[in-house]
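entry-v1.tsv, holding TSV, C-alpha atoms:
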chain	number	residue	atom	x	y	z
A	1433	LYS	CA	-13.99	-21.15	-32.73
A	1434	GLY	CA	-14.20	-24.13	-30.39
A	1435	ARG	CA	-11.60	-22.69	-28.03
A	1436	VAL	CA	-13.37	-19.31	-28.03
A	1437	PHE	CA	-16.65	-21.04	-27.11
A	1438	ILE	CA	-14.97	-23.02	-24.28
A	1439	ALA	CA	-13.35	-19.82	-23.00
A	1440	GLY	CA	-16.81	-18.21	-22.92
A	1441	LEU	CA	-18.14	-21.12	-20.85
A	1442	PHE	CA	-15.36	-20.70	-18.29
A	1443	VAL	CA	-15.81	-16.92	-18.05
A	1444	GLY	CA	-19.55	-17.54	-17.60
A	1445	LEU	CA	-18.86	-19.96	-14.76
A	1446	GLY	CA	-16.48	-17.44	-13.23
A	1447	SER	CA	-19.21	-14.80	-13.44
A	1448	LEU	CA	-21.50	-16.95	-11.28
A	1449	CYS	CA	-18.74	-17.11	-8.64
A	1450	GLN	CA	-17.61	-13.49	-8.81
A	1451	GLY	CA	-19.39	-10.71	-10.70
A	1452	SER	CA	-16.08	-9.07	-11.71
A	1453	ASN	CA	-15.71	-11.74	-14.37
A	1454	ILE	CA	-18.65	-10.26	-16.28
A	1455	LEU	CA	-16.70	-7.02	-16.71
A	1456	PHE	CA	-13.65	-9.05	-17.78
A	1457	GLY	CA	-15.75	-10.95	-20.33
A	1458	LEU	CA	-17.10	-7.71	-21.79
A	1459	SER	CA	-13.61	-6.23	-21.99
A	1460	LEU	CA	-12.40	-9.19	-24.09
A	1461	PHE	CA	-14.14	-7.65	-27.11
A	1462	ILE	CA	-11.01	-5.44	-27.27
A	1463	TRP	CA	-8.94	-8.63	-27.47
A	1464	PHE	CA	-11.01	-9.92	-30.40
A	1465	LEU	CA	-10.46	-6.65	-32.24
A	1466	ILE	CA	-6.68	-6.95	-31.72
A	1467	ILE	CA	-6.15	-10.62	-32.59
A	1468	PHE	CA	-8.35	-10.41	-35.71
A	1469	LYS	CA	-6.82	-7.06	-36.73
A	1470	PHE	CA	-10.21	-5.30	-36.87
A	1471	ASN	CA	-11.57	-7.80	-39.42
A	1472	LEU	CA	-15.23	-7.16	-38.53
A	1473	ARG	CA	-16.55	-10.47	-39.87
A	1474	LYS	CA	-14.15	-12.53	-37.75
A	1475	VAL	CA	-14.60	-10.26	-34.74
A	1476	ILE	CA	-18.40	-10.57	-34.89
A	1477	VAL	CA	-18.38	-14.35	-35.39
A	1478	HIS	CA	-15.91	-15.11	-32.60
A	1479	SER	CA	-17.27	-12.60	-30.10
A	1480	ALA	CA	-20.81	-13.88	-30.78
A	1481	LEU	CA	-19.67	-17.44	-29.97
A	1482	PHE	CA	-17.89	-16.25	-26.83
A	1483	TYR	CA	-20.84	-14.27	-25.46
A	1484	ALA	CA	-23.32	-17.00	-26.44
A	1485	ALA	CA	-21.27	-19.43	-24.31
A	1486	MET	CA	-21.27	-16.97	-21.40
A	1487	LEU	CA	-25.05	-16.62	-21.68
A	1488	ALA	CA	-25.49	-20.40	-21.89
A	1489	VAL	CA	-24.04	-20.66	-18.38
A	1490	ILE	CA	-25.67	-17.57	-16.87
A	1491	LEU	CA	-29.16	-17.90	-18.40
A	1492	PRO	CA	-30.23	-21.01	-16.42
A	1493	VAL	CA	-29.55	-19.10	-13.20
A	1494	THR	CA	-31.59	-16.14	-14.46
A	1495	VAL	CA	-34.48	-18.47	-15.37
A	1496	ARG	CA	-34.25	-20.18	-11.99
A	1497	ASN	CA	-34.34	-16.82	-10.20
A	1498	PHE	CA	-37.47	-15.85	-12.14
A	1499	LEU	CA	-39.25	-19.16	-11.48
A	1500	VAL	CA	-38.42	-19.18	-7.76
A	1501	GLY	CA	-38.67	-15.48	-6.95
A	1502	GLY	CA	-40.92	-14.15	-9.71
A	1503	ASP	CA	-38.31	-11.49	-10.40
A	1504	LEU	CA	-35.94	-10.91	-13.32
A	1505	VAL	CA	-32.54	-11.12	-11.60
A	1506	PRO	CA	-29.66	-12.15	-13.94
A	1507	ILE	CA	-27.37	-13.54	-11.20
A	1508	THR	CA	-27.78	-11.76	-7.87
A	1509	ALA	CA	-29.88	-8.90	-6.52
A	1510	HIS	CA	-27.22	-7.72	-4.06
A	1511	GLY	CA	-25.42	-5.36	-6.44
A	1512	GLY	CA	-27.36	-2.29	-5.35
A	1513	ILE	CA	-26.59	-2.48	-1.64
A	1514	ASN	CA	-22.92	-3.35	-2.37
A	1515	PHE	CA	-22.72	-0.31	-4.66
A	1516	TYR	CA	-24.17	1.92	-1.93
A	1517	ILE	CA	-21.79	0.49	0.72
A	1518	GLY	CA	-18.90	1.61	-1.49
A	1519	ASN	CA	-20.47	4.91	-2.56
A	1520	ASN	CA	-22.12	6.91	0.19
A	1521	PRO	CA	-21.17	9.98	2.28
A	1522	ASP	CA	-19.65	7.78	5.04
A	1523	ALA	CA	-17.98	5.19	2.77
A	1524	THR	CA	-14.39	4.23	3.67
A	1525	GLY	CA	-13.47	2.32	0.52
A	1526	SER	CA	-13.75	-1.08	2.22
A	1527	PHE	CA	-16.74	-2.92	3.69
A	1528	THR	CA	-18.43	-0.63	6.23
A	1529	PRO	CA	-22.18	-1.18	6.77
A	1530	PRO	CA	-24.21	2.04	6.42
A	1531	ASP	CA	-25.88	3.46	9.53
A	1532	GLY	CA	-28.80	1.36	10.73
A	1533	MET	CA	-27.64	-1.81	8.96
A	1534	SER	CA	-26.23	-5.02	10.37
A	1535	SER	CA	-22.71	-6.17	9.47
A	1536	ASP	CA	-23.58	-9.85	8.92
A	1537	ALA	CA	-24.76	-10.91	5.45
A	1538	GLU	CA	-28.25	-12.06	6.41
A	1539	GLY	CA	-28.94	-9.02	8.60
A	1540	LEU	CA	-27.52	-6.62	6.00
A	1541	LEU	CA	-29.84	-7.93	3.28
A	1542	ALA	CA	-32.86	-7.83	5.59
A	1543	ASP	CA	-32.04	-4.28	6.69
A	1544	SER	CA	-31.43	-3.08	3.13
A	1545	ARG	CA	-34.82	-4.42	2.06
A	1546	ARG	CA	-36.61	-3.01	5.13
A	1547	LEU	CA	-35.13	0.48	4.73
A	1548	ALA	CA	-35.81	0.54	0.99
A	1549	GLU	CA	-39.45	-0.47	1.53
A	1550	GLU	CA	-39.87	2.13	4.28
A	1551	ALA	CA	-38.49	4.84	1.98
A	1552	MET	CA	-40.69	3.78	-0.96
A	1553	GLY	CA	-43.77	3.03	1.16
A	1554	MET	CA	-44.43	-0.30	-0.54
A	1555	LYS	CA	-43.29	-3.93	-0.78
A	1556	LEU	CA	-40.39	-4.31	-3.20
A	1557	LYS	CA	-39.01	-7.18	-5.26
A	1558	PRO	CA	-35.28	-7.97	-4.85
A	1559	SER	CA	-34.45	-6.26	-8.17
A	1560	GLN	CA	-36.37	-3.15	-7.03
A	1561	VAL	CA	-34.47	-3.10	-3.73
A	1562	SER	CA	-31.21	-3.31	-5.69
A	1563	ARG	CA	-32.25	-0.45	-8.00
A	1564	PHE	CA	-33.20	1.66	-4.97
A	1565	TRP	CA	-29.70	1.39	-3.50
A	1566	TYR	CA	-28.05	1.93	-6.87
A	1567	SER	CA	-30.03	5.16	-7.17
A	1568	LYS	CA	-28.95	6.22	-3.66
A	1569	GLY	CA	-25.30	5.63	-4.56
A	1570	LEU	CA	-25.64	7.55	-7.82
A	1571	GLU	CA	-27.36	10.38	-5.94
A	1572	PHE	CA	-24.31	10.69	-3.68
A	1573	ILE	CA	-22.03	10.78	-6.75
A	1574	ARG	CA	-24.13	13.55	-8.37
A	1575	LYS	CA	-24.33	15.67	-5.23
A	1576	GLU	CA	-20.72	15.29	-4.04
A	1577	PRO	CA	-18.50	14.71	-7.12
A	1578	VAL	CA	-15.32	15.96	-5.43
A	1579	LYS	CA	-15.79	13.68	-2.43
A	1580	TYR	CA	-16.58	10.80	-4.81
A	1581	LEU	CA	-13.37	11.35	-6.81
A	1582	SER	CA	-11.40	11.38	-3.56
A	1583	LEU	CA	-13.11	8.13	-2.56
A	1584	LEU	CA	-12.25	6.57	-5.95
A	1585	CYS	CA	-8.58	7.45	-5.45
A	1586	ARG	CA	-8.66	5.94	-1.97
A	1587	LYS	CA	-10.21	2.72	-3.28
A	1588	ALA	CA	-7.57	2.48	-6.02
A	1589	LEU	CA	-4.83	2.89	-3.40
A	1590	LEU	CA	-6.52	0.30	-1.17
A	1591	PHE	CA	-6.66	-2.15	-4.07
A	1592	LEU	CA	-2.91	-1.76	-4.62
A	1593	ASN	CA	-1.99	-1.57	-0.93
A	1594	GLY	CA	0.38	-4.16	0.48
A	1595	LYS	CA	-1.77	-4.78	3.56
A	1596	GLU	CA	-4.65	-7.19	3.12
A	1597	VAL	CA	-8.10	-5.66	3.63
A	1598	SER	CA	-9.85	-8.51	5.42
A	1599	ASP	CA	-13.52	-9.34	5.07
A	1600	VAL	CA	-14.34	-12.75	6.49
A	1601	GLU	CA	-10.84	-13.89	7.46
A	1602	ASP	CA	-7.74	-11.86	8.36
A	1603	PHE	CA	-4.38	-13.06	7.04
A	1604	GLU	CA	-2.44	-11.20	9.73
A	1605	PHE	CA	-4.55	-12.87	12.42
A	1606	HIS	CA	-3.83	-16.36	11.11
A	1607	LYS	CA	-0.10	-15.67	11.07
A	1608	MET	CA	-0.22	-15.86	14.89
A	1609	PHE	CA	-1.40	-19.48	14.68
A	1610	PHE	CA	0.77	-20.69	11.79
A	1611	PRO	CA	4.09	-18.80	12.10
A	1612	GLN	CA	6.19	-21.62	10.61
A	1613	ILE	CA	4.14	-21.69	7.41
A	1614	TYR	CA	4.47	-17.95	7.00
A	1615	LYS	CA	8.23	-18.13	7.49
A	1616	VAL	CA	8.43	-20.44	4.46
A	1617	ALA	CA	5.71	-18.66	2.44
A	1618	PHE	CA	7.22	-15.26	3.17
A	1619	LEU	CA	6.20	-13.53	-0.07
A	1620	ASN	CA	3.18	-11.30	0.23
A	1621	PHE	CA	1.58	-8.46	-1.68
A	1622	ARG	CA	3.90	-5.93	-0.04
A	1623	ILE	CA	6.63	-7.47	-2.25
A	1624	ILE	CA	4.66	-8.92	-5.16
A	1625	GLY	CA	2.55	-5.78	-5.68
A	1626	PRO	CA	5.35	-3.25	-6.42
A	1627	LEU	CA	7.31	-5.79	-8.47
A	1628	GLY	CA	4.19	-6.72	-10.42
A	1629	LEU	CA	3.30	-3.11	-11.15
A	1630	LEU	CA	6.86	-2.46	-12.36
A	1631	GLY	CA	6.60	-5.52	-14.62
A	1632	LEU	CA	3.26	-4.28	-15.89
A	1633	GLY	CA	4.82	-0.93	-16.86
A	1634	LEU	CA	7.73	-2.68	-18.57
A	1635	SER	CA	5.30	-4.85	-20.53
A	1636	PHE	CA	3.81	-1.70	-22.11
A	1637	ARG	CA	7.29	-0.80	-23.38
A	1638	HIS	CA	7.81	-4.27	-24.87
A	1639	TRP	CA	4.48	-4.77	-26.62
A	1640	ARG	CA	3.22	-8.31	-27.22
A	1641	LYS	CA	-0.40	-9.05	-28.05
A	1642	GLU	CA	-0.35	-11.99	-25.60
A	1643	PHE	CA	-0.15	-9.47	-22.76
A	1644	VAL	CA	-3.51	-7.90	-23.60
A	1645	PRO	CA	-5.81	-10.46	-21.85
A	1646	LEU	CA	-3.64	-10.17	-18.74
A	1647	TRP	CA	-3.95	-6.38	-18.79
A	1648	LEU	CA	-7.71	-6.61	-19.32
A	1649	PHE	CA	-8.12	-9.12	-16.48
A	1650	LEU	CA	-6.21	-6.92	-14.04
A	1651	ILE	CA	-7.86	-3.65	-15.12
A	1652	SER	CA	-11.41	-5.10	-15.10
A	1653	PHE	CA	-11.02	-6.58	-11.59
A	1654	MET	CA	-9.52	-3.38	-10.26
A	1655	ALA	CA	-12.31	-1.35	-11.89
A	1656	SER	CA	-15.02	-3.54	-10.35
A	1657	SER	CA	-13.48	-3.12	-6.87
A	1658	VAL	CA	-13.07	0.63	-7.25
A	1659	LEU	CA	-16.67	0.97	-8.45
A	1660	PHE	CA	-17.94	-0.95	-5.39
A	1661	PHE	CA	-15.56	-1.49	-2.45
A	1662	VAL	CA	-12.22	-3.18	-1.83
A	1663	ASN	CA	-11.34	-6.27	0.16
A	1664	SER	CA	-8.73	-9.00	-0.16
A	1665	ARG	CA	-10.95	-11.83	-1.30
A	1666	TYR	CA	-12.18	-9.77	-4.27
A	1667	ARG	CA	-8.60	-8.82	-5.13
A	1668	PHE	CA	-7.29	-12.35	-4.73
A	1669	PRO	CA	-7.88	-13.57	-8.34
A	1670	VAL	CA	-5.55	-10.90	-9.77
A	1671	ILE	CA	-2.62	-11.89	-7.53
A	1672	SER	CA	-1.69	-14.54	-10.09
A	1673	ILE	CA	-1.41	-11.79	-12.74
A	1674	PHE	CA	0.76	-9.68	-10.43
A	1675	ILE	CA	3.01	-12.72	-9.88
A	1676	LEU	CA	3.46	-13.13	-13.65
A	1677	PHE	CA	4.42	-9.49	-14.11
A	1678	ALA	CA	6.64	-9.59	-10.99
A	1679	GLY	CA	8.52	-12.48	-12.62
A	1680	TYR	CA	8.74	-10.44	-15.82
A	1681	ALA	CA	10.29	-7.53	-13.88
A	1682	LEU	CA	12.93	-9.82	-12.35
A	1683	TRP	CA	13.68	-11.32	-15.78
A	1684	TRP	CA	14.07	-7.82	-17.23
A	1685	GLY	CA	16.42	-6.89	-14.34
A	1686	ARG	CA	18.56	-9.96	-14.98
A	1687	ASP	CA	18.86	-9.05	-18.67
A	1688	ALA	CA	19.72	-5.44	-17.76
A	1689	VAL	CA	22.59	-6.70	-15.57
A	1690	LYS	CA	23.86	-9.13	-18.24
A	1691	GLU	CA	23.72	-6.46	-20.94
A	1692	LYS	CA	25.23	-3.83	-18.60
A	1693	ARG	CA	22.31	-1.42	-19.11
A	1694	LEU	CA	23.04	0.15	-15.75
A	1695	LYS	CA	21.07	3.35	-16.40
A	1696	ASP	CA	17.93	1.32	-17.17
A	1697	LEU	CA	18.56	-0.88	-14.14
A	1698	PHE	CA	18.95	2.05	-11.72
A	1699	THR	CA	15.83	3.73	-13.17
A	1700	GLY	CA	13.91	0.47	-12.66
A	1701	ILE	CA	15.16	0.15	-9.07
A	1702	LEU	CA	14.23	3.78	-8.32
A	1703	ILE	CA	10.70	3.26	-9.71
A	1704	LEU	CA	10.40	0.03	-7.69
A	1705	LEU	CA	11.38	1.84	-4.47
A	1706	CYS	CA	8.83	4.61	-5.15
A	1707	LEU	CA	6.12	2.03	-5.83
A	1708	SER	CA	7.05	0.13	-2.65
A	1709	VAL	CA	6.61	3.29	-0.56
A	1710	LEU	CA	3.33	4.26	-2.27
A	1711	MET	CA	1.86	0.75	-2.08
A	1712	ASN	CA	2.78	0.25	1.56
A	1713	LEU	CA	1.30	3.44	2.99
A	1714	ARG	CA	-0.70	2.91	6.18
A	1715	LEU	CA	-4.19	3.65	4.88
A	1716	PHE	CA	-6.26	1.93	7.55
A	1717	THR	CA	-6.11	0.18	10.90
A	1718	GLN	CA	-7.78	-3.12	11.49
A	1719	ASN	CA	-8.36	-5.09	14.66
A	1720	PHE	CA	-9.01	-8.80	15.05
A	1721	ALA	CA	-12.51	-8.54	16.54
A	1722	THR	CA	-14.17	-10.33	13.59
A	1723	SER	CA	-11.59	-13.12	13.73
A	1724	TYR	CA	-12.11	-13.72	17.46
A	1725	TYR	CA	-15.87	-13.66	16.75
A	1726	GLY	CA	-15.39	-16.51	14.27
A	1727	ILE	CA	-13.43	-18.56	16.81
A	1728	ALA	CA	-16.16	-17.96	19.41
A	1729	ILE	CA	-18.76	-19.35	17.00
A	1730	TYR	CA	-16.51	-22.36	16.36
A	1731	TYR	CA	-16.29	-23.15	20.09
A	1732	THR	CA	-20.06	-22.61	20.44
A	1733	ASP	CA	-20.73	-25.12	17.66
A	1734	LYS	CA	-18.42	-27.57	19.43
A	1735	GLY	CA	-20.35	-27.07	22.68
A	1736	ASP	CA	-17.34	-25.58	24.51
A	1737	HIS	CA	-19.21	-22.63	26.03
A	1738	ASP	CA	-16.48	-21.48	28.43
A	1739	LYS	CA	-13.92	-21.07	25.64
A	1740	ALA	CA	-16.53	-19.34	23.48
A	1741	LEU	CA	-17.21	-16.81	26.25
A	1742	LYS	CA	-13.49	-16.05	26.58
A	1743	GLU	CA	-13.32	-15.33	22.85
A	1744	TYR	CA	-16.38	-13.06	23.06
A	1745	GLU	CA	-14.62	-11.15	25.87
A	1746	LYS	CA	-11.74	-10.48	23.46
A	1747	VAL	CA	-14.22	-9.30	20.82
A	1748	LEU	CA	-15.88	-6.83	23.20
A	1749	LYS	CA	-12.52	-5.40	24.32
A	1750	LEU	CA	-11.67	-4.61	20.69
A	1751	GLU	CA	-15.18	-3.77	19.40
A	1752	PRO	CA	-17.60	-3.02	22.27
A	1753	GLN	CA	-20.51	-2.47	19.90
A	1754	MET	CA	-20.20	-5.35	17.45
A	1755	PRO	CA	-23.68	-6.52	16.34
A	1756	GLY	CA	-24.70	-10.02	17.40
A	1757	VAL	CA	-22.16	-10.51	20.18
A	1758	HIS	CA	-24.48	-9.94	23.15
A	1759	ASN	CA	-27.18	-12.02	21.50
A	1760	ASN	CA	-24.75	-14.94	21.06
A	1761	ILE	CA	-23.51	-14.58	24.65
A	1762	GLY	CA	-27.15	-14.67	25.75
A	1763	ASN	CA	-27.61	-17.93	23.82
A	1764	ILE	CA	-24.67	-19.47	25.67
A	1765	TYR	CA	-26.05	-18.49	29.09
A	1766	TYR	CA	-29.45	-19.82	28.05
A	1767	GLU	CA	-27.84	-23.17	27.18
A	1768	LYS	CA	-26.04	-23.14	30.54
A	1769	GLY	CA	-29.40	-22.63	32.30
A	1770	ASP	CA	-28.70	-19.07	33.46
A	1771	ARG	CA	-31.83	-17.38	32.13
A	1772	GLU	CA	-31.39	-14.16	34.09
A	1773	ARG	CA	-27.98	-13.54	32.54
A	1774	ALA	CA	-29.33	-14.54	29.11
A	1775	ILE	CA	-32.15	-11.96	29.42
A	1776	LYS	CA	-29.63	-9.29	30.43
A	1777	GLU	CA	-27.49	-9.99	27.35
A	1778	TYR	CA	-30.47	-10.02	24.97
A	1779	LYS	CA	-31.65	-6.67	26.35
A	1780	GLU	CA	-28.16	-5.22	25.92
A	1781	GLU	CA	-28.21	-6.32	22.26
A	1782	ILE	CA	-31.58	-4.59	21.81
A	1783	ARG	CA	-30.31	-1.43	23.55
A	1784	LEU	CA	-27.34	-1.22	21.20
A	1785	PHE	CA	-29.08	-2.24	17.98
A	1786	PRO	CA	-32.84	-1.72	18.32
A	1787	GLY	CA	-33.37	-1.56	14.56
A	1788	HIS	CA	-31.96	-4.97	13.67
A	1789	ALA	CA	-31.86	-7.08	16.85
A	1790	LYS	CA	-34.57	-9.43	15.59
A	1791	ARG	CA	-32.87	-12.52	17.04
A	1792	ALA	CA	-32.57	-10.92	20.48
A	1793	TYR	CA	-36.26	-9.92	20.38
A	1794	TYR	CA	-37.18	-13.46	19.34
A	1795	ASN	CA	-35.01	-15.08	22.02
A	1796	LEU	CA	-36.49	-12.86	24.74
A	1797	GLY	CA	-39.97	-13.64	23.46
A	1798	THR	CA	-39.38	-17.39	23.66
A	1799	ILE	CA	-37.95	-17.14	27.20
A	1800	TYR	CA	-41.03	-15.21	28.36
A	1801	LEU	CA	-43.27	-17.67	26.51
A	1802	GLU	CA	-41.63	-20.58	28.35
A	1803	SER	CA	-42.00	-18.67	31.63
A	1804	GLY	CA	-45.73	-18.11	31.07
A	1805	LYS	CA	-45.31	-14.32	30.70
A	1806	TYR	CA	-47.43	-14.16	27.56
A	1807	GLU	CA	-47.88	-10.40	27.26
A	1808	GLU	CA	-44.13	-9.79	27.43
A	1809	ALA	CA	-43.61	-12.65	24.98
A	1810	LYS	CA	-46.08	-11.15	22.49
A	1811	MET	CA	-44.45	-7.73	22.77
A	1812	TYR	CA	-40.93	-8.98	21.99
A	1813	LEU	CA	-42.04	-11.38	19.26
A	1814	SER	CA	-44.03	-8.59	17.61
A	1815	ASN	CA	-40.91	-6.42	17.66
A	1816	ALA	CA	-38.96	-9.21	15.92
A	1817	LEU	CA	-41.65	-9.34	13.21
A	1818	ASN	CA	-41.61	-5.56	12.84
A	1819	ILE	CA	-37.97	-5.88	11.81
A	1820	ASP	CA	-38.49	-8.97	9.63
A	1821	PRO	CA	-42.13	-9.70	8.72
A	1822	ASP	CA	-41.06	-13.03	7.16
A	1823	TYR	CA	-39.38	-14.33	10.34
A	1824	LYS	CA	-41.08	-17.75	10.44
A	1825	GLU	CA	-39.93	-18.83	13.91
A	1826	ALA	CA	-41.21	-15.57	15.41
A	1827	LYS	CA	-44.56	-16.01	13.64
A	1828	ASP	CA	-44.94	-19.53	15.04
A	1829	ALA	CA	-43.98	-18.43	18.57
A	1830	LEU	CA	-46.39	-15.50	18.41
A	1831	LYS	CA	-49.22	-17.84	17.48
A	1832	LYS	CA	-48.47	-19.95	20.57
A	1833	ALA	CA	-48.32	-16.87	22.80
A	1834	SER	CA	-51.61	-15.57	21.39
A	1835	ILE	CA	-53.46	-18.75	22.38
A	1836	TYR	CA	-53.14	-17.84	26.07

Rendering of file as structure tokens:
Amino acid sequence: KGRVFIAGLFVGLGSLCQGSNILFGLSLFIWFLIIFKFNLRKVIVHSALFYAAMLAVILPVTVRNFLVGGDLVPITAHGGINFYIGNNPDATGSFTPPDGMSSDAEGLLADSRRLAEEAMGMKLKPSQVSRFWYSKGLEFIRKEPVKYLSLLCRKALLFLNGKEVSDVEDFEFHKMFFPQIYKVAFLNFRIIGPLGLLGLGLSFRHWRKEFVPLWLFLISFMASSVLFFVNSRYRFPVISIFILFAGYALWWGRDAVKEKRLKDLFTGILILLCLSVLMNLRLFTQNFATSYYGIAIYYTDKGDHDKALKEYEKVLKLEPQMPGVHNNIGNIYYEKGDRERAIKEYKEEIRLFPGHAKRAYYNLGTIYLESGKYEEAKMYLSNALNIDPDYKEAKDALKKASIY
């Protein structure tokens, strides 16, 4: 009972870090049924202890959310917009912001709230915003079931694909900077994935109850990705499970050779080759624009503006319409004292992304405020507040501009 309670605490902690662990925790009820051989008294007692421990970790966060935000949000209120990103008519299976929404986290949340409130015609709490986007995603599923099923299949293939679907960082990009490390650490999911899936299939043939939690962990994480959208950092926790089953496949192959079960061995090799082809299909193309963007921000933070500008040039060659780039370039020119070039860049950001260029509107407003052009300043600052009514810096600047 003590170990079950401790396990519940750890799954609860994992749930705070990654929501997929909640689904894993719920699926472990199957494990309790198996290990206690459907003895309902033992199943109820142990599962109650496990879920009580999970709640003991999660509940303080829920209470904190209610006290701070006045809204009943168990862990996070971002589930709705993430569900819609993965389930809409233009969804690709990975992270692709819907039309009219920013790609950065802060901008995406602000845009999702703004659009939900515009559609509902009222101010919404975070949980209401989340429910709105859940309903939009479910509406797409109801109206286009065939397209949704096709999207589900694509997400399943993406989850099992050998190429990493990057989100914040790109593994392929970093290989260019650390080639020696990657020569030593040469194993990747292109190899581990097919071997692991073969081992998983073999484990079904050689039943052991100890395998069940591993199966549940893998299936629950895959299900959570397929229900929302796929990227490498959400898949990363299950790599350890794939490694275990990949090792199991190699162990089985060694035994097949020793025992001269050549037919079994050749069948296993044939299945492995088929899996390797299927799991290494080219399902998407990905450029390094986001990675160069990150390096540009690094150089900006270090005060090396010239290097930052060179990185932003690389970004624009790969992704001419990436949100935030022209605004950040404008900030650099402002720091360098070139206000005319800064204004040009801010206006280009607004031209490309008028619906969520609040920072560019604010930056233009402050430049005009400093220049004594108060009417222009008020216009741009008001536009920033139209996008984000809670934008404190814009409110303060507008007050200053309104004095004159």

Task: Residue nearest Tyr1823 in chain A - candidates A:Phe1572, A:Leu1710, A:Gln1753, A:Ala1542, atoms counted: all atoms listed in the file - done: A:Ala1542

Task: Surrounding residues of Leu1682 in chain A excluding itself and chain neighbours under 5 positions, 10 Å, all atoms listed in the file, as JSON, numbers by chain - done: {"A": [1627, 1628, 1630, 1631, 1677, 1687, 1688]}

Residues as selected, C-alpha atoms, written as a PDB file, in the frame of the given file, can you do that?
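Okay, this is what ended up in result_13.pdb:
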ATOM      1  CA  LEU A1627       7.310  -5.790  -8.470  1.00  0.00           C
ATOM      2  CA  GLY A1628       4.190  -6.720 -10.420  1.00  0.00           C
ATOM      3  CA  LEU A1630       6.860  -2.460 -12.360  1.00  0.00           C
ATOM      4  CA  GLY A1631       6.600  -5.520 -14.620  1.00  0.00           C
ATOM      5  CA  PHE A1677       4.420  -9.490 -14.110  1.00  0.00           C
ATOM      6  CA  ASP A1687      18.860  -9.050 -18.670  1.00  0.00           C
ATOM      7  CA  ALA A1688      19.720  -5.440 -17.760  1.00  0.00           C
TER       8      ALA A1688
END

Open item on the list: From the options A:Ser1567, A:Asn1514, A:Ser1814, A:Ser1834, which residue's atoms come nearest to Ala1537 in chain A, counting only C-alpha atoms?
Closed with: A:Asn1514

TODO: For CA of Ser1459 in chain A and CA of Val1644 in chain A, determine how far apart the two atoms are, in Å to one decimal place.
DONE: 10.4 Å

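With all atoms listed in the file as the atoms that count, the minimum distance from Asn1818 in chain A to the choices A:Arg1637, A:Arg1435, A:Arg1622, A:Arg1546 is reached by A:Arg1546.
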
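Proximity of A:Lys1433, A:Arg1545, A:Lys1832, A:Lys1824 to His1788 in chain A, computed with all atoms listed in the file, is greatest for A:Arg1545.
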
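Nearest residue to Glu1601 in chain A among A:Ala1721, A:Leu1813, A:Leu1650, A:Ala1826 is A:Ala1721, counting all atoms listed in the file.
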
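Between CA of Glu1807 in chain A and CA of Pro1786 in chain A the separation is 19.5 Å.
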
- [ ] Tell me, as an MDAnalysis selection string, which residues lie within 12 Å of Lys1768 in chain A, counting only C-alpha atoms; anything in the same chain fewer than 5 positions away does not count.
- [x] chainID A and resid 1732 1735:1738 1741 1761:1763 1773:1774

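The closest residue to Ile1476 in chain A, picked from A:Ile1462, A:Phe1564, A:Lys1742, A:Asp1599 and counting all atoms listed in the file, is A:Ile1462.
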
Open item on the list: Set the distance at 10 Å and use all atoms listed in the file: which residues neighbour Ser1652 in chain A once local chain neighbours fewer than 2 positions away are removed? I'd like the list as a VMD selection string.
Closed with: chain A and resid 1452 to 1460 1646 to 1650 1654 to 1658 1670

How would the residues just picked look written out with C-alpha atoms as a CSV table (one decimal), in the coordinates of the input?
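Saved the output as again_16.csv:
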chain,number,residue,atom,x,y,z
A,1452,SER,CA,-16.1,-9.1,-11.7
A,1453,ASN,CA,-15.7,-11.7,-14.4
A,1454,ILE,CA,-18.6,-10.3,-16.3
A,1455,LEU,CA,-16.7,-7.0,-16.7
A,1456,PHE,CA,-13.6,-9.0,-17.8
A,1457,GLY,CA,-15.8,-11.0,-20.3
A,1458,LEU,CA,-17.1,-7.7,-21.8
A,1459,SER,CA,-13.6,-6.2,-22.0
A,1460,LEU,CA,-12.4,-9.2,-24.1
A,1646,LEU,CA,-3.6,-10.2,-18.7
A,1647,TRP,CA,-4.0,-6.4,-18.8
A,1648,LEU,CA,-7.7,-6.6,-19.3
A,1649,PHE,CA,-8.1,-9.1,-16.5
A,1650,LEU,CA,-6.2,-6.9,-14.0
A,1654,MET,CA,-9.5,-3.4,-10.3
A,1655,ALA,CA,-12.3,-1.4,-11.9
A,1656,SER,CA,-15.0,-3.5,-10.4
A,1657,SER,CA,-13.5,-3.1,-6.9
A,1658,VAL,CA,-13.1,0.6,-7.2
A,1670,VAL,CA,-5.6,-10.9,-9.8

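Atom pair CA of Ala1740 in chain A / CA of Gly1756 in chain A has a distance of 13.8 Å (rounded to one decimal).
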